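Engineer: Contents of data.csv (CSV, C-alpha atoms) are below:
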chain,number,residue,atom,x,y,z
A,6,MET,CA,50.7,16.1,-19.8
A,7,THR,CA,49.0,13.5,-22.0
A,8,PHE,CA,49.0,11.0,-19.2
A,9,GLY,CA,47.5,13.6,-16.8
A,10,PHE,CA,44.7,14.4,-19.3
A,11,ARG,CA,43.9,10.7,-19.8
A,12,ALA,CA,43.8,10.1,-16.1
A,13,PHE,CA,41.6,13.1,-15.7
A,14,ALA,CA,39.3,11.9,-18.5
A,15,ALA,CA,39.1,8.4,-17.1
A,16,LEU,CA,38.4,9.6,-13.6
A,17,SER,CA,35.7,12.0,-15.0
A,18,MET,CA,34.0,9.2,-16.9
A,19,THR,CA,34.1,6.9,-13.9
A,20,LEU,CA,32.5,9.5,-11.7
A,21,PHE,CA,29.9,10.3,-14.3
A,22,ALA,CA,29.0,6.6,-14.8
A,23,GLY,CA,28.8,6.1,-11.1
A,24,SER,CA,26.6,9.1,-10.7
A,25,TYR,CA,24.4,8.1,-13.5
A,26,ALA,CA,24.0,4.6,-12.1
A,27,ALA,CA,23.1,5.9,-8.7
A,28,TYR,CA,20.6,8.3,-10.2
A,29,SER,CA,19.0,5.7,-12.4
A,30,ALA,CA,18.6,3.4,-9.4
A,31,TYR,CA,16.6,6.0,-7.6
A,32,ALA,CA,14.8,7.5,-10.6
A,33,ALA,CA,11.7,5.4,-10.5
A,34,SER,CA,9.3,5.3,-13.5
A,35,PRO,CA,6.4,7.7,-13.4
A,36,ALA,CA,4.1,4.7,-13.4
A,37,ALA,CA,5.8,3.2,-10.3
A,38,THR,CA,5.8,6.6,-8.5
A,39,ASN,CA,2.1,7.1,-9.2
A,40,ALA,CA,1.2,3.6,-8.1
A,41,VAL,CA,3.1,3.9,-4.8
A,42,ASN,CA,1.6,7.3,-4.1
A,43,ALA,CA,-1.9,6.1,-4.9
A,44,ARG,CA,-1.7,3.0,-2.8
A,45,LYS,CA,-0.3,5.0,0.2
A,46,ALA,CA,-3.1,7.5,-0.1
A,47,ASN,CA,-5.7,4.8,-0.6
A,48,TYR,CA,-4.5,2.8,2.4
A,49,LYS,CA,-4.3,6.0,4.5
A,50,GLU,CA,-8.0,6.7,3.8
A,51,ILE,CA,-8.9,3.1,4.5
A,52,GLY,CA,-7.0,3.2,7.8
A,53,GLY,CA,-8.5,6.4,8.9
A,54,ALA,CA,-12.0,5.2,8.1
A,55,PHE,CA,-11.4,1.9,9.9
A,56,LYS,CA,-10.1,3.7,13.0
A,57,THR,CA,-13.2,5.9,13.2
A,58,ILE,CA,-15.5,2.9,12.7
A,59,ASN,CA,-13.5,0.9,15.3
A,60,ASP,CA,-13.8,3.8,17.8
A,61,GLU,CA,-17.5,4.1,17.1
A,62,ILE,CA,-18.1,0.3,17.6
A,63,LYS,CA,-16.1,0.5,20.9
A,64,THR,CA,-18.7,2.9,22.3
A,65,GLY,CA,-21.3,0.2,22.2
A,66,ALA,CA,-23.7,2.4,20.4
A,67,PRO,CA,-22.1,3.4,17.1
A,68,ASP,CA,-23.5,6.4,15.2
A,69,LYS,CA,-24.9,4.8,12.0
A,70,ASN,CA,-24.6,8.1,10.2
A,71,THR,CA,-20.8,8.1,10.9
A,72,VAL,CA,-20.2,4.4,10.3
A,73,ARG,CA,-22.3,3.9,7.1
A,74,PRO,CA,-20.4,6.3,4.8
A,75,LEU,CA,-17.0,5.3,6.2
A,76,ALA,CA,-17.8,1.6,5.6
A,77,ASP,CA,-18.7,2.5,2.0
A,78,VAL,CA,-15.4,4.3,1.6
A,79,ILE,CA,-13.5,1.2,2.8
A,80,ALA,CA,-15.5,-1.0,0.5
A,81,ARG,CA,-14.9,1.3,-2.6
A,82,ARG,CA,-11.3,1.9,-1.9
A,83,SER,CA,-10.4,-1.7,-1.1
A,84,ALA,CA,-11.8,-2.8,-4.5
A,85,LEU,CA,-9.2,-0.4,-6.1
A,86,GLN,CA,-6.2,-1.5,-4.2
A,87,LEU,CA,-4.8,-4.3,-6.3
A,88,LYS,CA,-4.3,-2.0,-9.3
A,89,PHE,CA,-1.9,0.0,-7.2
A,90,PHE,CA,0.7,-2.8,-7.1
A,91,PRO,CA,2.1,-3.1,-10.7
A,92,ARG,CA,5.4,-4.8,-11.2
A,93,GLY,CA,8.3,-2.4,-10.6
A,94,SER,CA,6.6,-0.5,-7.8
A,95,GLY,CA,8.2,-2.5,-5.0
A,96,PRO,CA,11.5,-1.9,-3.2
A,97,GLU,CA,13.4,-2.3,-6.5
A,98,SER,CA,11.9,1.0,-7.6
A,99,GLY,CA,14.0,3.0,-5.1
A,100,LEU,CA,10.8,4.6,-3.8
A,101,LYS,CA,10.0,4.7,-0.2
A,102,THR,CA,7.5,1.9,0.2
A,103,ARG,CA,6.7,-0.7,2.9
A,104,ALA,CA,5.6,-3.2,0.3
A,105,LYS,CA,7.8,-6.3,0.4
A,106,ALA,CA,9.2,-7.9,-2.8
A,107,GLU,CA,7.2,-11.0,-1.7
A,108,ILE,CA,4.1,-9.3,-3.1
A,109,TRP,CA,5.3,-10.0,-6.6
A,110,LYS,CA,7.0,-13.3,-5.8
A,111,ASP,CA,3.8,-14.8,-4.2
A,112,ASN,CA,1.3,-12.7,-6.1
A,113,ALA,CA,-1.4,-15.4,-5.8
A,114,THR,CA,-1.4,-15.3,-2.0
A,115,PHE,CA,-1.3,-11.5,-2.0
A,116,THR,CA,-4.2,-11.3,-4.5
A,117,LYS,CA,-6.2,-13.7,-2.4
A,118,LEU,CA,-5.6,-11.6,0.8
A,119,GLN,CA,-6.6,-8.4,-1.1
A,120,ASN,CA,-9.8,-10.1,-2.3
A,121,ASP,CA,-10.5,-11.3,1.2
A,122,MET,CA,-10.2,-7.6,2.3
A,123,VAL,CA,-12.7,-6.6,-0.4
A,124,GLY,CA,-15.1,-9.3,0.9
A,125,ALA,CA,-14.7,-8.3,4.5
A,126,ALA,CA,-15.1,-4.6,3.6
A,127,ASN,CA,-18.3,-5.4,1.7
A,128,GLN,CA,-19.7,-7.3,4.7
A,129,LEU,CA,-18.9,-4.3,6.9
A,130,ALA,CA,-20.7,-1.9,4.5
A,131,ALA,CA,-23.7,-4.3,4.4
A,132,ALA,CA,-23.8,-4.5,8.2
A,133,ALA,CA,-23.5,-0.7,8.5
A,134,ALA,CA,-26.3,-0.2,6.0
A,135,LYS,CA,-28.6,-2.3,8.2
A,136,GLY,CA,-27.4,-0.7,11.4
A,137,ASP,CA,-26.7,-4.2,12.9
A,138,VAL,CA,-24.1,-3.6,15.6
A,139,ALA,CA,-23.3,-7.3,16.1
A,140,ALA,CA,-22.8,-7.8,12.4
A,141,MET,CA,-20.7,-4.6,12.2
A,142,THR,CA,-18.5,-5.8,15.1
A,143,SER,CA,-18.0,-9.2,13.4
A,144,ALA,CA,-17.3,-7.7,10.0
A,145,ARG,CA,-14.9,-5.2,11.6
A,146,ASN,CA,-13.0,-8.1,13.3
A,147,ALA,CA,-12.9,-10.0,10.0
A,148,LEU,CA,-11.6,-7.0,8.2
A,149,GLY,CA,-9.0,-6.2,10.8
A,150,GLY,CA,-7.8,-9.8,10.8
A,151,THR,CA,-7.5,-9.8,7.0
A,152,CYS,CA,-5.5,-6.6,7.1
A,153,LYS,CA,-3.2,-7.9,9.8
A,154,SER,CA,-2.5,-11.2,7.9
A,155,CYS,CA,-1.6,-9.3,4.8
A,156,HIS,CA,0.6,-6.8,6.7
A,157,ASP,CA,2.4,-9.5,8.6
A,158,ARG,CA,3.3,-11.3,5.4
A,159,PHE,CA,3.7,-8.5,2.8
A,160,ARG,CA,4.5,-5.3,4.6
A,161,VAL,CA,7.8,-4.1,6.1
A,162,PRO,CA,7.2,-3.2,9.8
A,163,GLY,CA,7.6,0.4,10.7
Please re-express this file's structure in structure tokens.
Structural biologist:
Amino acid sequence: MTFGFRAFAALSMTLFAGSYAAYSAYAASPAATNAVNARKANYKEIGGAFKTINDEIKTGAPDKNTVRPLADVIARRSALQLKFFPRGSGPESGLKTRAKAEIWKDNATFTKLQNDMVGAANQLAAAAAKGDVAAMTSARNALGGTCKSCHDRFRVPG
């Protein structure tokens, strides 16, 4: 009976320890959870605004009243984005994120690309404020290229 109790106790402790380890691997910190949720929401807004601007530019006669506020949204939101990538909010957090670990391994390059996005977004907002279609097209292309280069390097496809 003593052996059976010890075996049961050992098995119970092993299962508890395994369950706790599995739980803690997926129980991300509130700060990481907030950062991942914020960056996803922010990028979703940026992407939606960019798509609408792109569609407007493709018409050949974009509606300035549509493009101008959306370009401002992209400029404002892109300036916030870096703060949504604190250490611990990558794949190691256990959260669903497409951010690669390389963001934190090569943070200088990631930061440069994020700052390039901010510059391109500001150029797009300036061109939209002037209503200059050629400048909007050029800035849209620059912004799209900056986004693509960052996604290619630091984002899991999907």
Engineer: Extract, using only C-alpha atoms, all DNA, RNA and protein residues at most 8 Å from segment 119-134 of chain A, discarding same-chain residues fewer than 2 positions from it, and format them as a ChimeraX atom specification.
Structural biologist: /A:69,72-73,76-77,79-80,83-84,86-87,115-117,136-138,140-141,144-145,147-148,151-152,155
Engineer: Point out the residue among A:Lys135, A:Arg81, A:Arg158, A:Arg44 with the least atom-to-atom distance to Ser94 of chain A, counting all atoms listed in the file.
Structural biologist: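 Of the candidates, the smallest distance to Ser94 of chain A is held by A:Arg44.
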Engineer: Looking at all atoms listed in the file, which of A:Ala104, A:Leu118, A:Val161, A:Ala139 is the one that sits closest to Lys45 of chain A?
Structural biologist: A:Ala104
Engineer: Considering all atoms listed in the file, can you say which of A:Gly65, A:Arg82, A:Trp109, A:Gly149 comes closest to Gly95 of chain A?
Structural biologist: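 Ranking A:Gly65, A:Arg82, A:Trp109, A:Gly149 by distance to Gly95 of chain A, first place goes to A:Trp109.
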Engineer: So what do you get for atom CA of Ala33 of chain A versus atom CA of Ser98 of chain A, distance-wise?
Structural biologist: 5.3 Å
Engineer: Give the answer as one residue: which of A:Asn70, A:Thr57, A:Thr102, A:Asn47 has the shortest atom-to-atom distance to Pro162 of chain A, using only C-alpha atoms?
Structural biologist: A:Thr102
Engineer: Between atom CA of Ala43 of chain A and atom CA of Ile62 of chain A, what is the spacing in Å?
Structural biologist: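 Interatomic distance here is 28.3 Å.
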Engineer: To one decimal place in Å, what is the distance between atom CA of Thr142 of chain A and atom CA of Gly163 of chain A?
Structural biologist: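 That distance, rounded to one decimal, is 27.2 Å.
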Engineer: Name all residues at most 8 Å from Lys88 of chain A (count only C-alpha atoms; drop same-chain ones fewer than 3 positions away) and give them as a ChimeraX atom specification.
Structural biologist: /A:40,85,91
Engineer: Limited to C-alpha atoms, could you put the picked residues into a file as an mmCIF file, in the frame of the given file?
Structural biologist:
data_model
loop_
_atom_site.group_PDB
_atom_site.id
_atom_site.type_symbol
_atom_site.label_atom_id
_atom_site.label_comp_id
_atom_site.auth_asym_id
_atom_site.auth_seq_id
_atom_site.Cartn_x
_atom_site.Cartn_y
_atom_site.Cartn_z
ATOM 1 C CA ALA A 40 1.200 3.600 -8.100
ATOM 2 C CA LEU A 85 -9.200 -0.400 -6.100
ATOM 3 C CA PRO A 91 2.100 -3.100 -10.700
#
Engineer: I'd like the neighbourhood of Glu97 of chain A as a list in words, where a residue qualifies if any of its atoms comes within 12 Å (using all atoms listed in the file), though same-chain residues fewer than 2 positions away should be ignored.
Structural biologist: Ser29, Ala30, Tyr31, Ala32, Ala33, Ser34, Ala37, Thr38, Arg92, Gly93, Ser94, Gly95, Gly99, Leu100, Lys101, Thr102, Arg103, Ala104, Lys105, Ala106, Glu107 and Trp109 of chain A
Engineer: Could you check which of A:Ser143, A:Phe89, A:Ala113, A:Pro96 is closest to Asn42 of chain A, using only C-alpha atoms?
Structural biologist: A:Phe89
Engineer: Starting from the sparse input, extend segment 42-55 of chain A to N, CA, C and O atoms and give the output as a short mmCIF file (atom, residue, chain, number, x, y, z; two decimals), keeping the file's coordinate frame.
Structural biologist:
data_model
loop_
_atom_site.label_atom_id
_atom_site.label_comp_id
_atom_site.auth_asym_id
_atom_site.auth_seq_id
_atom_site.Cartn_x
_atom_site.Cartn_y
_atom_site.Cartn_z
N ASN A 42 2.35 6.21 -4.71
CA ASN A 42 1.60 7.30 -4.10
C ASN A 42 0.14 7.04 -3.96
O ASN A 42 -0.47 7.35 -2.94
N ALA A 43 -0.44 6.44 -4.98
CA ALA A 43 -1.90 6.10 -4.90
C ALA A 43 -2.17 5.08 -3.88
O ALA A 43 -3.15 5.21 -3.13
N ARG A 44 -1.36 4.03 -3.79
CA ARG A 44 -1.70 3.00 -2.80
C ARG A 44 -1.47 3.52 -1.38
O ARG A 44 -2.25 3.20 -0.49
N LYS A 45 -0.47 4.37 -1.17
CA LYS A 45 -0.30 5.00 0.20
C LYS A 45 -1.49 5.82 0.53
O LYS A 45 -2.00 5.72 1.65
N ALA A 46 -1.93 6.66 -0.40
CA ALA A 46 -3.10 7.50 -0.10
C ALA A 46 -4.34 6.70 0.11
O ALA A 46 -5.12 7.00 1.02
N ASN A 47 -4.51 5.67 -0.69
CA ASN A 47 -5.70 4.80 -0.60
C ASN A 47 -5.70 4.11 0.78
O ASN A 47 -6.71 4.08 1.48
N TYR A 48 -4.57 3.51 1.13
CA TYR A 48 -4.50 2.80 2.40
C TYR A 48 -4.65 3.78 3.58
O TYR A 48 -5.23 3.43 4.61
N LYS A 49 -4.16 5.00 3.44
CA LYS A 49 -4.30 6.00 4.50
C LYS A 49 -5.81 6.30 4.73
O LYS A 49 -6.26 6.39 5.87
N GLU A 50 -6.55 6.45 3.65
CA GLU A 50 -8.00 6.70 3.80
C GLU A 50 -8.70 5.49 4.37
O GLU A 50 -9.58 5.65 5.22
N ILE A 51 -8.32 4.29 3.93
CA ILE A 51 -8.90 3.10 4.50
C ILE A 51 -8.62 2.99 5.99
O ILE A 51 -9.51 2.74 6.80
N GLY A 52 -7.37 3.23 6.35
CA GLY A 52 -7.00 3.20 7.80
C GLY A 52 -7.69 4.18 8.62
O GLY A 52 -8.13 3.88 9.73
N GLY A 53 -7.82 5.40 8.12
CA GLY A 53 -8.50 6.40 8.90
C GLY A 53 -10.00 6.10 9.07
O GLY A 53 -10.54 6.27 10.16
N ALA A 54 -10.62 5.61 8.01
CA ALA A 54 -12.00 5.20 8.10
C ALA A 54 -12.19 4.05 9.06
O ALA A 54 -13.12 4.03 9.89
N PHE A 55 -11.28 3.08 8.97
CA PHE A 55 -11.40 1.90 9.90
C PHE A 55 -11.20 2.32 11.31
O PHE A 55 -11.92 1.84 12.18
#
